[in-house]
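Next comes upload33.txt, with compact mmCIF, C-alpha atoms.
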```txt
# COMPACT_ATOMS: atom_id res chain seq x y z
CA MET A 1 1.59 36.33 12.06
CA GLU A 2 0.35 36.00 15.65
CA THR A 3 -0.48 32.44 16.60
CA GLY A 4 -1.94 30.94 19.72
CA ILE A 5 1.13 28.79 20.34
CA SER A 6 4.45 29.91 21.71
CA LEU A 7 7.36 27.84 20.44
CA PRO A 8 11.12 28.05 21.01
CA GLU A 9 12.66 30.46 18.52
CA ASP A 10 14.76 27.81 16.82
CA LEU A 11 11.83 25.42 16.30
CA SER A 12 9.63 28.24 15.09
CA ALA A 13 12.29 29.39 12.59
CA GLN A 14 12.69 25.85 11.22
CA ILE A 15 8.93 25.52 10.75
CA ASP A 16 8.65 28.93 9.06
CA ASP A 17 11.50 28.01 6.73
CA ILE A 18 9.79 24.76 5.68
CA LEU A 19 6.47 26.52 5.07
CA LEU A 20 8.09 29.32 3.06
CA GLU A 21 9.90 26.84 0.84
CA LEU A 22 6.73 24.82 0.38
CA ARG A 23 4.76 27.91 -0.54
CA ARG A 24 7.37 28.96 -3.12
CA LYS A 25 7.93 25.58 -4.72
CA ALA A 26 4.30 24.47 -4.75
CA GLU A 27 3.13 27.84 -6.07
CA ALA A 28 0.63 28.01 -3.21
CA GLU A 29 -1.24 31.12 -2.13
CA CYS A 30 -0.65 30.37 1.50
CA VAL A 31 0.47 27.57 3.77
CA LEU A 32 -0.66 27.08 7.35
CA LEU A 33 0.52 24.70 10.01
CA ALA A 34 -1.78 23.79 12.87
CA ASP A 35 -1.54 21.29 15.65
CA ILE A 36 -3.99 18.42 15.46
CA SER A 37 -6.45 20.24 17.77
CA GLY A 38 -6.64 23.12 15.29
CA GLN A 39 -4.43 25.67 17.01
CA LEU A 40 -2.48 27.70 14.49
CA VAL A 41 1.29 27.19 14.69
CA SER A 42 2.47 29.19 11.68
CA ALA A 43 1.06 30.85 8.57
CA GLN A 44 2.96 31.96 5.48
CA GLY A 45 1.88 33.59 2.23
CA ARG A 46 -1.01 35.77 1.19
CA LEU A 47 -3.28 35.90 4.21
CA GLU A 48 -5.40 38.96 3.43
CA ASP A 49 -8.39 36.97 2.18
CA ILE A 50 -8.59 34.42 4.97
CA ASP A 51 -8.68 34.21 8.73
CA PRO A 52 -5.90 31.69 9.43
CA VAL A 53 -7.13 30.90 12.96
CA THR A 54 -10.60 29.98 11.69
CA VAL A 55 -9.19 28.04 8.74
CA ALA A 56 -6.92 26.03 11.07
CA ALA A 57 -9.79 25.19 13.46
CA LEU A 58 -12.15 24.19 10.64
CA ALA A 59 -9.46 22.15 8.89
CA ALA A 60 -8.79 20.21 12.10
CA GLY A 61 -12.51 19.49 12.36
CA ASP A 62 -12.57 18.32 8.77
CA VAL A 63 -9.60 16.01 9.30
CA ALA A 64 -11.07 14.62 12.53
CA ALA A 65 -14.37 13.89 10.76
CA MET A 66 -12.65 12.40 7.72
CA SER A 67 -10.37 10.26 9.90
CA GLU A 68 -13.42 8.82 11.62
CA LEU A 69 -15.08 8.27 8.26
CA VAL A 70 -12.12 6.31 6.90
CA ARG A 71 -12.01 4.28 10.13
CA GLN A 72 -15.65 3.42 9.51
CA ILE A 73 -14.85 2.03 6.06
CA GLY A 74 -12.08 -0.11 7.49
CA GLU A 75 -8.99 1.88 6.52
CA PRO A 76 -6.30 0.94 9.06
CA ASN A 77 -4.41 4.25 8.80
CA PRO A 78 -6.84 7.11 9.42
CA HIS A 79 -4.16 9.82 8.99
CA GLY A 80 -3.83 10.85 5.40
CA SER A 81 -4.45 13.73 3.06
CA PHE A 82 -7.64 15.36 1.92
CA LEU A 83 -8.18 17.57 -1.11
CA HIS A 84 -11.04 19.89 -1.94
CA GLU A 85 -10.88 21.15 -5.50
CA GLY A 86 -12.75 24.40 -6.00
CA GLU A 87 -13.46 26.38 -9.14
CA ASN A 88 -11.00 29.11 -8.22
CA LYS A 89 -9.24 27.93 -5.09
CA SER A 90 -8.49 24.55 -3.65
CA ILE A 91 -7.41 23.36 -0.24
CA TYR A 92 -5.21 20.40 0.62
CA LEU A 93 -4.96 19.03 4.15
CA PHE A 94 -2.11 16.74 5.13
CA SER A 95 -1.74 15.13 8.52
CA VAL A 96 1.91 14.95 9.57
CA ALA A 97 2.49 12.03 11.95
CA GLY A 98 -0.78 12.76 13.72
CA SER A 99 0.80 15.85 15.33
CA PHE A 100 0.74 18.58 12.72
CA LEU A 101 -1.81 19.52 10.14
CA LEU A 102 -0.43 21.08 6.99
CA ILE A 103 -2.99 23.26 5.20
CA VAL A 104 -2.22 24.46 1.69
CA ILE A 105 -4.46 26.88 -0.19
CA PHE A 106 -3.75 27.17 -3.89
CA GLY A 107 -5.26 28.57 -7.07
CA ALA A 108 -6.88 26.65 -9.92
CA ASP A 109 -3.80 27.11 -12.11
CA THR A 110 -1.50 25.27 -9.70
CA PRO A 111 -1.02 21.66 -10.83
CA ILE A 112 -2.17 19.23 -8.15
CA GLY A 113 0.80 16.96 -8.75
CA LEU A 114 3.24 19.81 -8.12
CA MET A 115 1.52 20.72 -4.87
CA ARG A 116 1.35 17.11 -3.64
CA LEU A 117 5.00 16.50 -4.52
CA PHE A 118 6.24 19.39 -2.40
CA VAL A 119 3.74 18.85 0.43
CA ARG A 120 5.15 15.33 0.82
CA ARG A 121 8.67 16.75 0.86
CA ALA A 122 7.73 19.41 3.43
CA ALA A 123 6.08 16.72 5.56
CA GLU A 124 9.32 14.70 5.49
CA ARG A 125 11.13 17.74 6.90
CA LEU A 126 8.41 18.30 9.51
CA TYR A 127 8.39 14.72 10.83
CA PRO A 128 11.62 15.10 12.85
CA LEU A 129 10.23 18.27 14.45
CA THR A 130 7.09 16.59 15.77
CA ALA A 131 8.93 15.09 18.77
CA GLU A 132 10.30 18.48 19.82
CA PHE A 133 6.89 20.06 19.21
CA GLU A 134 5.13 17.47 21.35
CA GLU A 135 7.70 17.96 24.09
CA VAL A 136 6.91 21.67 24.15
CA MET A 137 3.15 21.21 23.85
CA GLY A 138 2.69 17.96 25.76
CA GLN A 139 1.70 14.67 24.14
CA PRO A 140 -1.40 15.06 21.98
CA GLN A 141 -4.32 12.66 22.19
CA ASP A 142 -5.12 10.94 18.91
CA VAL A 143 -7.99 13.37 18.35
CA PRO A 144 -8.33 15.71 21.34
CA LEU A 145 -11.97 16.46 20.88
CA GLY A 146 -12.19 18.59 24.04
CA ASP A 147 -9.63 21.15 22.88
CA PHE A 148 -10.80 20.94 19.34
CA SER A 149 -14.47 21.41 20.18
CA ALA A 150 -13.69 24.42 22.34
CA THR A 151 -11.51 26.00 19.67
CA LEU A 152 -14.03 25.30 16.94
CA ALA A 153 -16.96 26.54 19.02
CA ASP A 154 -15.09 29.76 19.85
CA GLU A 155 -14.25 30.36 16.23
CA LEU A 156 -17.74 29.56 14.97
CA ASP A 157 -19.23 31.89 17.59
CA ARG A 158 -16.83 34.58 16.49
CA VAL A 159 -17.51 34.10 12.76
CA PHE A 160 -21.25 33.52 12.89
CA GLY A 161 -22.04 35.21 16.19
CA GLY A 162 -23.82 38.11 14.55
CA LEU A 163 -26.19 35.90 12.55
CA MET B 164 6.57 30.08 -10.10
CA SER B 165 9.44 32.44 -10.48
CA ASN B 166 10.95 32.91 -13.91
CA GLU B 167 14.28 33.65 -12.35
CA GLN B 168 17.21 31.46 -13.13
CA THR B 169 20.22 30.79 -11.00
CA LYS B 170 23.51 32.53 -11.73
CA SER B 171 24.66 29.42 -13.57
CA GLY B 172 21.67 29.78 -15.90
CA GLU B 173 20.04 26.62 -14.57
CA PRO B 174 16.22 26.70 -14.49
CA THR B 175 14.65 27.07 -11.05
CA SER B 176 11.26 25.54 -11.78
CA PHE B 177 9.91 22.47 -13.53
CA ARG B 178 8.01 24.67 -15.96
CA GLU B 179 11.19 26.46 -17.00
CA ILE B 180 12.83 23.11 -17.67
CA LEU B 181 9.93 22.08 -19.90
CA ASN B 182 9.92 25.45 -21.69
CA GLU B 183 13.63 25.13 -22.47
CA MET B 184 13.23 21.51 -23.57
CA ASN B 185 10.34 22.35 -25.91
CA GLU B 186 12.35 25.15 -27.44
CA ALA B 187 15.50 23.06 -27.88
CA GLY B 188 13.65 20.04 -29.30
CA GLN B 189 10.88 21.94 -31.10
CA PHE B 190 8.39 19.85 -29.15
CA GLN B 191 4.73 20.83 -29.37
CA VAL B 192 3.91 20.10 -25.75
CA SER B 193 5.46 18.48 -22.73
CA VAL B 194 4.22 17.51 -19.30
CA LEU B 195 5.79 16.32 -16.10
CA THR B 196 3.48 14.09 -14.08
CA SER B 197 3.55 11.84 -11.07
CA VAL B 198 3.34 8.12 -11.89
CA GLU B 199 -0.32 8.34 -10.88
CA GLY B 200 -0.81 10.80 -13.73
CA LEU B 201 -1.18 13.95 -11.65
CA PRO B 202 0.24 16.92 -13.55
CA ILE B 203 3.25 18.65 -11.97
CA ALA B 204 4.11 21.06 -14.77
CA THR B 205 3.07 21.64 -18.37
CA SER B 206 4.47 23.60 -21.25
CA PRO B 207 2.82 25.56 -22.76
CA ARG B 208 1.41 26.62 -19.42
CA ASP B 209 -2.22 26.85 -20.55
CA TYR B 210 -2.18 23.46 -22.25
CA ASP B 211 -4.96 21.22 -20.96
CA SER B 212 -2.83 18.59 -19.32
CA ASP B 213 -5.64 16.28 -18.17
CA LEU B 214 -5.77 14.24 -21.37
CA ILE B 215 -2.04 13.72 -21.69
CA SER B 216 -1.75 13.00 -17.96
CA ALA B 217 -4.44 10.35 -18.25
CA MET B 218 -2.64 8.86 -21.26
CA VAL B 219 0.65 8.87 -19.38
CA ALA B 220 -0.98 7.07 -16.45
CA LEU B 221 -2.36 4.48 -18.87
CA ILE B 222 1.07 3.97 -20.45
CA GLN B 223 2.49 3.61 -16.95
CA ARG B 224 0.06 0.78 -16.21
CA VAL B 225 0.83 -0.96 -19.51
CA SER B 226 4.59 -0.67 -18.95
CA ASN B 227 4.19 -1.98 -15.39
CA ASP B 228 2.34 -5.00 -16.77
CA ALA B 229 4.99 -5.55 -19.46
CA GLN B 230 7.72 -5.24 -16.85
CA SER B 231 6.17 -7.77 -14.50
CA GLN B 232 5.07 -10.20 -17.26
CA LEU B 233 8.37 -10.10 -19.18
CA GLY B 234 10.66 -9.69 -16.20
CA MET B 235 12.23 -6.54 -17.61
CA ALA B 236 14.35 -4.16 -15.53
CA ASP B 237 13.09 -0.65 -14.69
CA VAL B 238 11.56 0.97 -17.76
CA ASP B 239 13.53 3.95 -19.04
CA GLU B 240 11.34 5.08 -21.91
CA VAL B 241 8.07 4.29 -23.63
CA THR B 242 7.36 5.72 -27.08
CA ILE B 243 4.18 5.69 -29.16
CA HIS B 244 4.28 6.60 -32.88
CA ASP B 245 1.23 7.63 -34.81
CA ARG B 246 0.80 7.30 -38.59
CA ASP B 247 1.95 10.89 -39.07
CA ARG B 248 5.16 9.90 -37.28
CA ILE B 249 4.43 12.14 -34.33
CA ARG B 250 5.77 10.49 -31.20
CA LEU B 251 4.61 10.56 -27.62
CA VAL B 252 7.78 9.99 -25.62
CA CYS B 253 7.54 9.09 -21.94
CA ARG B 254 10.75 9.14 -19.89
CA TYR B 255 10.73 7.66 -16.40
CA ILE B 256 12.45 9.51 -13.58
CA ALA B 257 13.17 7.92 -10.21
CA PHE B 258 15.00 10.11 -7.74
CA GLY B 259 14.95 10.74 -4.01
CA GLY B 260 11.95 8.48 -3.44
CA GLU B 261 9.93 10.22 -6.15
CA ARG B 262 8.80 8.56 -9.38
CA LEU B 263 7.85 10.95 -12.14
CA ILE B 264 7.16 10.75 -15.86
CA LEU B 265 8.32 13.30 -18.39
CA ALA B 266 6.21 13.14 -21.55
CA ALA B 267 6.64 15.11 -24.76
CA LEU B 268 4.96 15.23 -28.14
CA VAL B 269 7.83 15.13 -30.64
CA PRO B 270 7.31 16.24 -34.26
CA PRO B 271 8.25 13.87 -37.10
CA ASN B 272 11.99 13.27 -37.64
CA LYS B 273 13.09 15.36 -34.67
CA PRO B 274 15.66 13.91 -32.29
CA TYR B 275 14.58 13.94 -28.68
CA ARG B 276 16.89 11.76 -26.60
CA ARG B 277 19.61 14.32 -25.85
CA VAL B 278 17.24 17.16 -24.94
CA THR B 279 15.08 14.90 -22.77
CA ASN B 280 18.24 13.54 -21.07
CA ARG B 281 19.22 17.10 -20.21
CA ALA B 282 15.72 17.83 -18.87
CA VAL B 283 15.80 14.65 -16.75
CA ARG B 284 19.13 15.74 -15.23
CA GLN B 285 17.73 19.21 -14.45
CA ILE B 286 14.56 17.75 -12.91
CA LYS B 287 16.67 15.52 -10.65
CA ARG B 288 18.71 18.56 -9.65
CA LEU B 289 15.53 20.40 -8.62
CA LEU B 290 14.40 17.37 -6.62
CA SER B 291 17.70 17.11 -4.75
```
Entire entry expressed as structure tokens:
Amino acid sequence: METGISLPEDLSAQIDDILLELRRKAEAECVLLADISGQLVSAQGRLEDIDPVTVAALAAGDVAAMSELVRQIGEPNPHGSFLHEGENKSIYLFSVAGSFLLIVIFGADTPIGLMRLFVRRAAERLYPLTAEFEEVMGQPQDVPLGDFSATLADELDRVFGGL
Amino acid sequence: MSNEQTKSGEPTSFREILNEMNEAGQFQVSVLTSVEGLPIATSPRDYDSDLISAMVALIQRVSNDAQSQLGMADVDEVTIHDRDRIRLVCRYIAFGGERLILAALVPPNKPYRRVTNRAVRQIKRLLS
């Protein structure tokens, strides 16, 4: 899967390994990892039905909006997890140390507890990689709205440009 | 999840563990949930786990209260009998920072402790 980010081979292999294990154990359809600005880092699983780049950009927007919302209600830690339960498919977004965004798409027959259990475990394995990732990418802002807005605008133009 | 088993015959998924446990103990249904009551696996697979998960979460709250009020150590098991002698058995599992509950509906006069012990060991192995 082509992504917009070029990582050292070793780091990339470690990330792919974590995502593959998460996908298998959590019975997910696909698992994506994006940086907090919405740039796709890695994608594993069945990707035929989705555009991973668009999903990553939109998910980052969702997390940024939700983080602001929880700040507004006085929650001291704005980085958390967000779940949308659909009739057939659901999506779970998990912010890893404010650097990575783990995006898991799963079917209605996947138990939520199973998915959450293994997302937490995958996040624990991803935490130590955030420092190396940030070194490669440069320190992220808390919510780099400039990068994010540009990425989101590009993707929205691409998706809805013909309408 | 895969139905494959390892070469040693050990189950490779939570659902397989529950399937084997139900078969060995002749249990009607079993669920593995988080302590918050979120279902992790159910057997049979198509069993509506929401009700039993909610009940397990309720039992968890009651046992937490009992523990704090009575100063008991960590709870190992909570059992509810109905008048038909069917039991809802909840086993607590704490391992690797995770806290899970294994619940099973056990028919009258059926032993359950040994088969649930085995399932608990297998669940811990999968978590490790």
Original post:
What are the residues of chain B that have an atom within 7 Å of an atom of chain A, counting all atoms listed in the file, as a count of residues only?
Top reply: 7
Original post:
Got a sec: who's within 9 Å of Val219 (chain B), counting all atoms listed in the file, leaving out chain neighbours fewer than 6 positions off, as a list in words?
Top reply: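 Residues near the query, excluding close chain neighbours: Thr196, Val198, Glu199, Gly200, Cys253, Ile264, Leu265 and Ala266 of chain B.
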**OP:** Work out how far apart CA of Gly172 (chain B) and CA of Val252 (chain B) are and give it in Å to one decimal.
**Re:**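 Computed distance, CA of Gly172 (chain B) to CA of Val252 (chain B), equals 26.1 Å.
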Grab all the atoms of region 126-129 of chain A that the file lists, wrap them in a box along x, y and z, add 3 Å per side, and give me centre plus edge lengths in Å (one decimal) as JSON.
```
{"center_x": 10.0, "center_y": 16.5, "center_z": 12.0, "size_x": 9.2, "size_y": 9.6, "size_z": 10.9}
```
**OP:** Would you mind telling me which residue in A:Asn88, A:Gln72, A:Ser12, A:Ser95 lies nearest to Asp35 (chain A) when using only C-alpha atoms?
**Re:**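 Looking at the shortest contact to Asp35 (chain A), the residue is A:Ser95.
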Original post:
CA of Glu240 (chain B) and CA of Arg277 (chain B) are how many Å apart?
Top reply: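 Straight-line distance from CA of Glu240 (chain B) to CA of Arg277 (chain B) works out to 13.0 Å.
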**OP:** Using all atoms listed in the file, determine which residues lie at most 8 Å from Ala60 (chain A), disregarding the query and same-chain residues fewer than 2 positions distant; provide the list as a PyMOL selection string.
**Re:** chain A and resi 34+36-38+56-58+62-64+101+148
Subject >> Gap from CA of Ala282 (chain B) to CA of Ile243 (chain B) - Å, one decimal >> reply: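 A separation of 19.7 Å between them.
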**OP:** Might you pull out every residue within 12 Å of Gln285 (chain B), with all atoms listed in the file counted and same-chain residues fewer than 2 positions away left off, and present them as a PyMOL selection string?
**Re:** chain B and resi 172-181+183-184+256+258+265+278-283+287-291
Subject >> Nearest to Asp51 (chain A) by atom-to-atom distance, counting only C-alpha atoms, from A:Gly98, A:Cys30, A:Met66, A:Arg71 >> reply: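 Smallest distance to Asp51 (chain A) is found for A:Cys30.
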Original post:
Could you pull the residues within 8 Å of Ile18 (chain A), counting all atoms listed in the file, minus those fewer than 5 positions along the same chain, as a list in words?
Top reply: Ala122, Arg125 and Leu126 of chain A
Original post:
Out of B:Ser231, B:Gly260, B:Asn185, B:Ile215, which residue has the shortest atom-to-atom distance to Glu124 (chain A) when counting all atoms listed in the file?
Top reply: B:Gly260
Original post:
Hey, what's within 12 Å of Ser226 (chain B) if we count all atoms listed in the file and toss same-chain stuff fewer than 3 positions away? As a ChimeraX atom specification, please?
Top reply: /B:198,219-223,229-242,253-255
Got time to write the residues from that selection, C-alpha atoms, as a PDB file, keeping the file's coordinate frame?
```pdb
ATOM      1  CA  VAL B 198       3.340   8.120 -11.890  1.00  0.00           C
ATOM      2  CA  VAL B 219       0.650   8.870 -19.380  1.00  0.00           C
ATOM      3  CA  ALA B 220      -0.980   7.070 -16.450  1.00  0.00           C
ATOM      4  CA  LEU B 221      -2.360   4.480 -18.870  1.00  0.00           C
ATOM      5  CA  ILE B 222       1.070   3.970 -20.450  1.00  0.00           C
ATOM      6  CA  GLN B 223       2.490   3.610 -16.950  1.00  0.00           C
ATOM      7  CA  ALA B 229       4.990  -5.550 -19.460  1.00  0.00           C
ATOM      8  CA  GLN B 230       7.720  -5.240 -16.850  1.00  0.00           C
ATOM      9  CA  SER B 231       6.170  -7.770 -14.500  1.00  0.00           C
ATOM     10  CA  GLN B 232       5.070 -10.200 -17.260  1.00  0.00           C
ATOM     11  CA  LEU B 233       8.370 -10.100 -19.180  1.00  0.00           C
ATOM     12  CA  GLY B 234      10.660  -9.690 -16.200  1.00  0.00           C
ATOM     13  CA  MET B 235      12.230  -6.540 -17.610  1.00  0.00           C
ATOM     14  CA  ALA B 236      14.350  -4.160 -15.530  1.00  0.00           C
ATOM     15  CA  ASP B 237      13.090  -0.650 -14.690  1.00  0.00           C
ATOM     16  CA  VAL B 238      11.560   0.970 -17.760  1.00  0.00           C
ATOM     17  CA  ASP B 239      13.530   3.950 -19.040  1.00  0.00           C
ATOM     18  CA  GLU B 240      11.340   5.080 -21.910  1.00  0.00           C
ATOM     19  CA  VAL B 241       8.070   4.290 -23.630  1.00  0.00           C
ATOM     20  CA  THR B 242       7.360   5.720 -27.080  1.00  0.00           C
ATOM     21  CA  CYS B 253       7.540   9.090 -21.940  1.00  0.00           C
ATOM     22  CA  ARG B 254      10.750   9.140 -19.890  1.00  0.00           C
ATOM     23  CA  TYR B 255      10.730   7.660 -16.400  1.00  0.00           C
TER      24      TYR B 255
END
```
